[in-house]
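What follows is work33.tsv (TSV, C-alpha atoms).
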```
chain	number	residue	atom	x	y	z
A	20	MET	CA	0.00	0.00	0.00
A	21	CYS	CA	1.15	3.56	-0.66
A	22	ALA	CA	1.54	5.58	2.54
A	23	GLN	CA	2.81	8.92	3.70
A	24	VAL	CA	5.88	8.41	5.85
A	25	LEU	CA	7.71	11.00	7.91
A	26	VAL	CA	11.39	10.23	8.55
A	27	ALA	CA	13.00	12.05	11.48
A	28	ASP	CA	16.75	11.48	11.73
A	29	ASP	CA	19.52	13.99	12.41
A	30	ASP	CA	21.90	12.07	10.11
A	31	PRO	CA	21.16	13.53	6.65
A	32	ARG	CA	22.87	10.69	4.78
A	33	GLN	CA	21.02	7.97	6.65
A	34	ALA	CA	17.72	9.81	6.31
A	35	GLU	CA	18.24	10.14	2.56
A	36	VAL	CA	18.90	6.41	2.21
A	37	VAL	CA	15.65	5.67	4.05
A	38	ARG	CA	13.78	8.19	1.91
A	39	ARG	CA	15.01	6.56	-1.30
A	40	TYR	CA	14.00	3.09	-0.19
A	41	LEU	CA	10.56	4.34	0.84
A	42	THR	CA	10.11	6.16	-2.45
A	43	ALA	CA	11.19	3.07	-4.40
A	44	GLU	CA	8.35	1.16	-2.72
A	45	GLY	CA	5.83	3.79	-3.76
A	46	HIS	CA	5.54	5.73	-0.52
A	47	ASP	CA	5.47	9.50	-0.16
A	48	ALA	CA	8.41	10.24	2.17
A	49	VAL	CA	9.19	13.52	3.95
A	50	VAL	CA	12.45	14.01	5.89
A	51	VAL	CA	13.21	16.24	8.88
A	52	HIS	CA	16.35	16.41	11.03
A	53	ASP	CA	15.30	17.45	14.54
A	54	GLY	CA	12.63	16.62	17.06
A	55	ARG	CA	10.84	19.95	16.92
A	56	ALA	CA	10.48	19.71	13.15
A	57	ALA	CA	9.28	16.10	13.52
A	58	LEU	CA	6.55	17.18	15.92
A	59	ASP	CA	5.44	20.16	13.86
A	60	THR	CA	5.49	18.23	10.56
A	61	ALA	CA	3.62	15.26	12.02
A	62	ARG	CA	0.89	17.59	13.29
A	63	ARG	CA	0.65	19.29	9.91
A	64	LEU	CA	0.86	16.30	7.57
A	65	ARG	CA	-0.74	13.60	9.77
A	66	PRO	CA	1.40	10.84	8.20
A	67	ASP	CA	0.54	7.16	8.24
A	68	LEU	CA	3.91	6.27	9.75
A	69	LEU	CA	6.70	8.09	11.57
A	70	VAL	CA	10.22	6.61	11.41
A	71	LEU	CA	11.69	8.28	14.47
A	72	ASP	CA	15.30	8.35	15.64
A	73	VAL	CA	15.75	8.61	19.40
A	74	MET	CA	18.83	10.84	19.42
A	75	MET	CA	17.94	14.18	17.83
A	76	PRO	CA	18.45	17.88	18.65
A	77	GLU	CA	15.70	20.20	19.92
A	78	LEU	CA	13.53	17.32	21.16
A	79	ASP	CA	14.60	13.70	21.36
A	80	GLY	CA	12.53	10.95	19.79
A	81	LEU	CA	11.12	9.80	23.12
A	82	GLN	CA	9.68	13.25	23.80
A	83	VAL	CA	8.23	13.38	20.29
A	84	CYS	CA	6.67	9.93	20.66
A	85	LYS	CA	5.14	10.77	24.04
A	86	THR	CA	3.64	14.01	22.76
A	87	LEU	CA	2.25	12.54	19.53
A	88	ARG	CA	0.83	9.46	21.24
A	89	GLY	CA	-1.31	11.77	23.35
A	90	GLU	CA	-2.65	13.42	20.19
A	91	SER	CA	-2.96	10.71	17.54
A	92	ASP	CA	-2.62	7.00	16.74
A	93	VAL	CA	0.09	7.51	14.08
A	94	LEU	CA	2.29	4.44	13.64
A	95	VAL	CA	5.69	5.01	15.24
A	96	LEU	CA	8.81	3.01	14.38
A	97	MET	CA	11.65	3.97	16.71
A	98	LEU	CA	15.33	3.84	15.73
A	99	THR	CA	17.65	3.25	18.70
A	100	ALA	CA	21.35	2.70	19.29
A	101	ARG	CA	22.18	-0.96	19.86
A	102	SER	CA	23.54	-0.23	23.36
A	103	ALA	CA	20.53	1.88	24.42
A	104	GLU	CA	18.15	-0.85	25.58
A	105	ASP	CA	16.52	1.55	28.03
A	106	ASP	CA	15.59	3.84	25.14
A	107	MET	CA	13.95	0.92	23.35
A	108	LEU	CA	11.96	-0.14	26.40
A	109	THR	CA	10.96	3.44	27.16
A	110	GLY	CA	9.85	3.96	23.57
A	111	LEU	CA	7.56	0.93	23.71
A	112	ASP	CA	6.26	2.07	27.08
A	113	LEU	CA	5.39	5.44	25.53
A	114	GLY	CA	3.40	3.75	22.78
A	115	ALA	CA	5.84	3.13	19.92
A	116	ASP	CA	4.61	0.33	17.65
A	117	ASP	CA	7.99	-1.15	16.81
A	118	TYR	CA	11.70	-0.42	17.07
A	119	LEU	CA	14.87	-1.15	15.15
A	120	THR	CA	18.40	-0.98	16.53
A	121	LYS	CA	21.30	0.70	14.76
A	122	PRO	CA	23.13	-0.23	12.65
A	123	TYR	CA	20.32	-1.73	10.62
A	124	SER	CA	19.77	-2.93	7.09
A	125	PRO	CA	17.50	-0.69	4.98
A	126	ARG	CA	15.86	-3.89	3.70
A	127	GLU	CA	14.99	-4.91	7.24
A	128	LEU	CA	13.60	-1.44	7.87
A	129	MET	CA	11.38	-1.75	4.79
A	130	ALA	CA	10.17	-5.15	6.01
A	131	ARG	CA	9.19	-3.59	9.34
A	132	VAL	CA	7.44	-0.74	7.51
A	133	ARG	CA	5.46	-3.17	5.36
A	134	THR	CA	4.44	-5.21	8.39
A	135	LEU	CA	3.28	-2.17	10.37
A	136	LEU	CA	1.29	-0.73	7.47
A	137	ARG	CA	-0.26	-4.09	6.63
A	138	ARG	CA	-1.40	-4.70	10.19
A	139	ALA	CA	-2.84	-1.19	10.42
A	140	ARG	CA	-4.98	-1.48	7.29
A	141	PRO	CA	-8.68	-1.85	8.09
A	142	GLY	CA	-10.07	-5.27	7.29
A	143	THR	CA	-6.70	-7.01	6.93
A	144	SER	CA	-6.47	-8.31	10.49
A	145	PRO	CA	-6.42	-12.09	10.73
A	146	HIS	CA	-9.18	-11.66	13.30
A	147	ALA	CA	-11.38	-9.59	11.00
A	148	GLY	CA	-14.98	-10.72	11.07
A	149	ALA	CA	-14.64	-12.42	14.45
A	150	GLY	CA	-17.21	-11.69	17.11
A	151	LEU	CA	-16.59	-10.19	20.52
A	152	LEU	CA	-14.41	-12.41	22.70
A	153	ARG	CA	-14.64	-12.40	26.47
A	154	VAL	CA	-12.61	-13.96	29.27
A	155	GLY	CA	-13.73	-12.94	32.75
A	156	PRO	CA	-14.09	-9.14	32.79
A	157	ILE	CA	-11.92	-8.71	29.66
A	158	GLU	CA	-13.68	-8.21	26.33
A	159	VAL	CA	-11.88	-7.91	23.00
A	160	ASP	CA	-13.48	-6.78	19.74
A	161	PRO	CA	-11.02	-7.87	17.01
A	162	THR	CA	-12.95	-6.10	14.24
A	163	ALA	CA	-13.27	-2.73	15.96
A	164	HIS	CA	-9.84	-3.11	17.57
A	165	GLN	CA	-11.27	-2.33	21.01
A	166	VAL	CA	-10.72	-3.65	24.52
A	167	SER	CA	-12.87	-3.17	27.59
A	168	VAL	CA	-12.67	-4.36	31.19
A	169	ASP	CA	-15.93	-4.62	33.13
A	170	GLY	CA	-17.51	-2.64	30.30
A	171	VAL	CA	-15.02	0.24	30.57
A	172	PRO	CA	-13.01	0.95	27.37
A	173	VAL	CA	-9.25	0.48	27.66
A	174	ALA	CA	-6.83	2.17	25.26
A	175	CYS	CA	-4.19	-0.26	23.98
A	176	THR	CA	-1.29	0.17	21.61
A	177	ARG	CA	-1.18	-2.08	18.55
A	178	GLY	CA	1.37	-4.35	20.15
A	179	GLU	CA	-0.65	-4.69	23.35
A	180	PHE	CA	-3.83	-5.37	21.39
A	181	ALA	CA	-2.15	-8.02	19.25
A	182	ILE	CA	-1.01	-9.88	22.36
A	183	LEU	CA	-4.40	-9.72	24.06
A	184	ALA	CA	-6.28	-10.65	20.87
A	185	ALA	CA	-4.15	-13.77	20.50
A	186	MET	CA	-4.44	-14.82	24.13
A	187	VAL	CA	-8.17	-14.19	24.56
A	188	LYS	CA	-8.90	-16.74	21.83
A	189	GLN	CA	-7.08	-19.46	23.76
A	190	PRO	CA	-7.49	-18.92	27.50
A	191	ASN	CA	-5.08	-20.85	29.72
A	192	ARG	CA	-2.76	-21.59	26.80
A	193	VAL	CA	0.81	-20.69	27.71
A	194	PHE	CA	2.44	-18.48	25.05
A	195	THR	CA	6.20	-18.14	24.86
A	196	ARG	CA	7.65	-14.71	24.26
A	197	GLY	CA	8.70	-15.81	20.80
A	198	GLN	CA	5.15	-16.84	19.94
A	199	LEU	CA	3.82	-13.51	21.15
A	200	LEU	CA	6.44	-11.68	19.11
A	201	HIS	CA	5.11	-13.47	16.05
A	202	HIS	CA	1.66	-12.04	16.79
A	203	THR	CA	2.93	-8.51	17.40
A	204	ARG	CA	5.10	-8.09	14.33
A	205	GLY	CA	5.29	-11.32	12.44
A	206	LEU	CA	8.94	-11.78	13.31
A	207	ASP	CA	10.47	-14.31	15.69
A	208	ARG	CA	13.63	-12.70	16.98
A	209	SER	CA	14.92	-13.87	20.35
A	210	SER	CA	17.00	-10.71	20.66
A	211	THR	CA	13.83	-8.66	21.04
A	212	GLU	CA	11.78	-10.92	23.29
A	213	ARG	CA	12.14	-8.56	26.23
A	214	THR	CA	9.78	-6.19	24.43
A	215	ILE	CA	6.98	-8.65	25.22
A	216	ASP	CA	7.65	-8.12	28.92
A	217	VAL	CA	7.11	-4.39	28.43
A	218	HIS	CA	3.81	-4.94	26.61
A	219	VAL	CA	2.64	-7.35	29.31
A	220	MET	CA	3.60	-4.92	32.06
A	221	ASN	CA	1.60	-2.18	30.34
A	222	LEU	CA	-1.38	-4.46	29.77
A	223	ARG	CA	-1.44	-5.41	33.43
A	224	ARG	CA	-1.65	-1.75	34.37
A	225	LYS	CA	-4.72	-1.46	32.17
A	226	ILE	CA	-6.64	-4.70	32.78
A	227	GLU	CA	-5.70	-5.85	36.27
A	228	ARG	CA	-7.16	-4.58	39.54
A	229	ASP	CA	-3.73	-5.03	41.12
A	230	PRO	CA	-0.97	-5.10	38.47
A	231	GLN	CA	1.51	-6.32	41.07
A	232	ARG	CA	-0.66	-9.39	41.71
A	233	PRO	CA	-2.17	-10.18	38.30
A	234	ALA	CA	-5.23	-12.42	38.32
A	235	TRP	CA	-5.73	-12.67	34.56
A	236	LEU	CA	-2.52	-12.03	32.61
A	237	VAL	CA	-0.20	-14.27	34.58
A	238	THR	CA	3.40	-15.38	34.28
A	239	VAL	CA	4.28	-19.05	33.80
A	240	PHE	CA	7.83	-19.01	35.07
A	241	GLY	CA	10.41	-20.35	32.68
A	242	VAL	CA	7.92	-20.45	29.81
A	243	GLY	CA	5.96	-17.26	29.14
A	244	TYR	CA	2.48	-15.90	29.80
A	245	LYS	CA	-1.14	-17.01	29.73
A	246	LEU	CA	-4.55	-15.42	30.05
A	247	ALA	CA	-6.14	-17.28	32.95
A	248	GLY	CA	-9.85	-18.03	33.02
A	249	GLY	CA	-12.53	-20.35	31.72
A	250	PRO	CA	-13.23	-20.92	28.03
A	251	ALA	CA	-13.63	-17.79	25.95
A	252	THR	CA	-17.18	-16.76	25.15
A	253	SER	CA	-18.14	-14.95	21.96
A	254	ARG	CA	-21.10	-12.98	20.73
```
Would you mind giving the structure from this file in structure tokens?
Amino acid sequence: MCAQVLVADDDPRQAEVVRRYLTAEGHDAVVVHDGRAALDTARRLRPDLLVLDVMMPELDGLQVCKTLRGESDVLVLMLTARSAEDDMLTGLDLGADDYLTKPYSPRELMARVRTLLRRARPGTSPHAGAGLLRVGPIEVDPTAHQVSVDGVPVACTRGEFAILAAMVKQPNRVFTRGQLLHHTRGLDRSSTERTIDVHVMNLRRKIERDPQRPAWLVTVFGVGYKLAGGPATSR
């Protein structure tokens, strides 16, 4: 699909390489080189996707992501230094949809872009057409991409929703982190499995009465996570 992509990177040469790859795949790419310009341009253009470097002048990528996530649901792909794991975890915590560590292959970046855009397209979800699914107080609407707990809507990022949508269909099944990664981005990379822990931590804050003592989204030590409860009901 053709999309409008905003690239924010303070390295002009790297940003130009990304722009050329995006253009070659039919996307409309705009490049900026600092965080303030990224924020202003995103507000003005309302792009489909923002490729956002963490280390930038004026405002860093984390500040830009936090601000934009409070204003829109634009897709955000963070670019982080390989040694800056805290930046990656913080970016996901702030609502980034995916991340890529530097140095990276432009081909891998394009694969991530395609995956994000494909998953965001209405009607292309593998759950499209499914009815409402409920486990205990947790209700997931795969078609409308909505979650509620005890009837109260809960705002989830795409990664969080993908995890919950997979688990609510199979209550009490134990999912490994690798399996959950497959659901969140279609890639099975053990080097990024810690990102699942961040998504689970955030989900617990949203769906559990006591996130420190989860009753529903529980840890199976040495294996992964499961959504505890009886069989899922649908309507």
One number please: CA of Thr176 in chain A to CA of Gly114 in chain A, in Å, one decimal.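 CA of Thr176 in chain A sits 6.0 Å away from CA of Gly114 in chain A.
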CA of Thr99 in chain A and CA of Leu200 in chain A are how many Å apart?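 CA of Thr99 in chain A sits 18.7 Å away from CA of Leu200 in chain A.
Residues lying at most 8 Å from (-9.5, -10.0, 18.9) in file coordinates, with only C-alpha atoms considered, are His146, Ala149, Leu151, Leu152, Val159, Asp160, Pro161, Thr162, His164, Phe180, Ala181, Leu183, Ala184, Ala185, Val187 and Lys188 of chain A.
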Considering only C-alpha atoms, give me a table of residues in range 26-46 of chain A that are at most 12 Å from range 60-79 of chain A, with the closest atom pair and distance in Å for each, as a Markdown table.
```
| residue | atom | partner | partner_atom | distance |
| --- | --- | --- | --- | --- |
| A:Val26 | CA | A:Val70 | CA | 4.8 |
| A:Ala27 | CA | A:Leu71 | CA | 5.0 |
| A:Asp28 | CA | A:Asp72 | CA | 5.2 |
| A:Asp29 | CA | A:Met75 | CA | 5.6 |
| A:Asp30 | CA | A:Met75 | CA | 8.9 |
| A:Pro31 | CA | A:Met75 | CA | 11.7 |
| A:Gln33 | CA | A:Asp72 | CA | 10.7 |
| A:Ala34 | CA | A:Val70 | CA | 9.6 |
| A:Val37 | CA | A:Val70 | CA | 9.2 |
| A:Arg38 | CA | A:Val70 | CA | 10.3 |
| A:Leu41 | CA | A:Val70 | CA | 10.8 |
| A:His46 | CA | A:Asp67 | CA | 10.2 |
```
Gap from CA of Gly243 in chain A to CA of Glu227 in chain A - Å, one decimal: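 A separation of 17.8 Å between them.
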Which one of A:Pro125, A:Thr203, A:Ile226, A:Arg55 sits closest to Val173 in chain A if you count only C-alpha atoms? A:Ile226
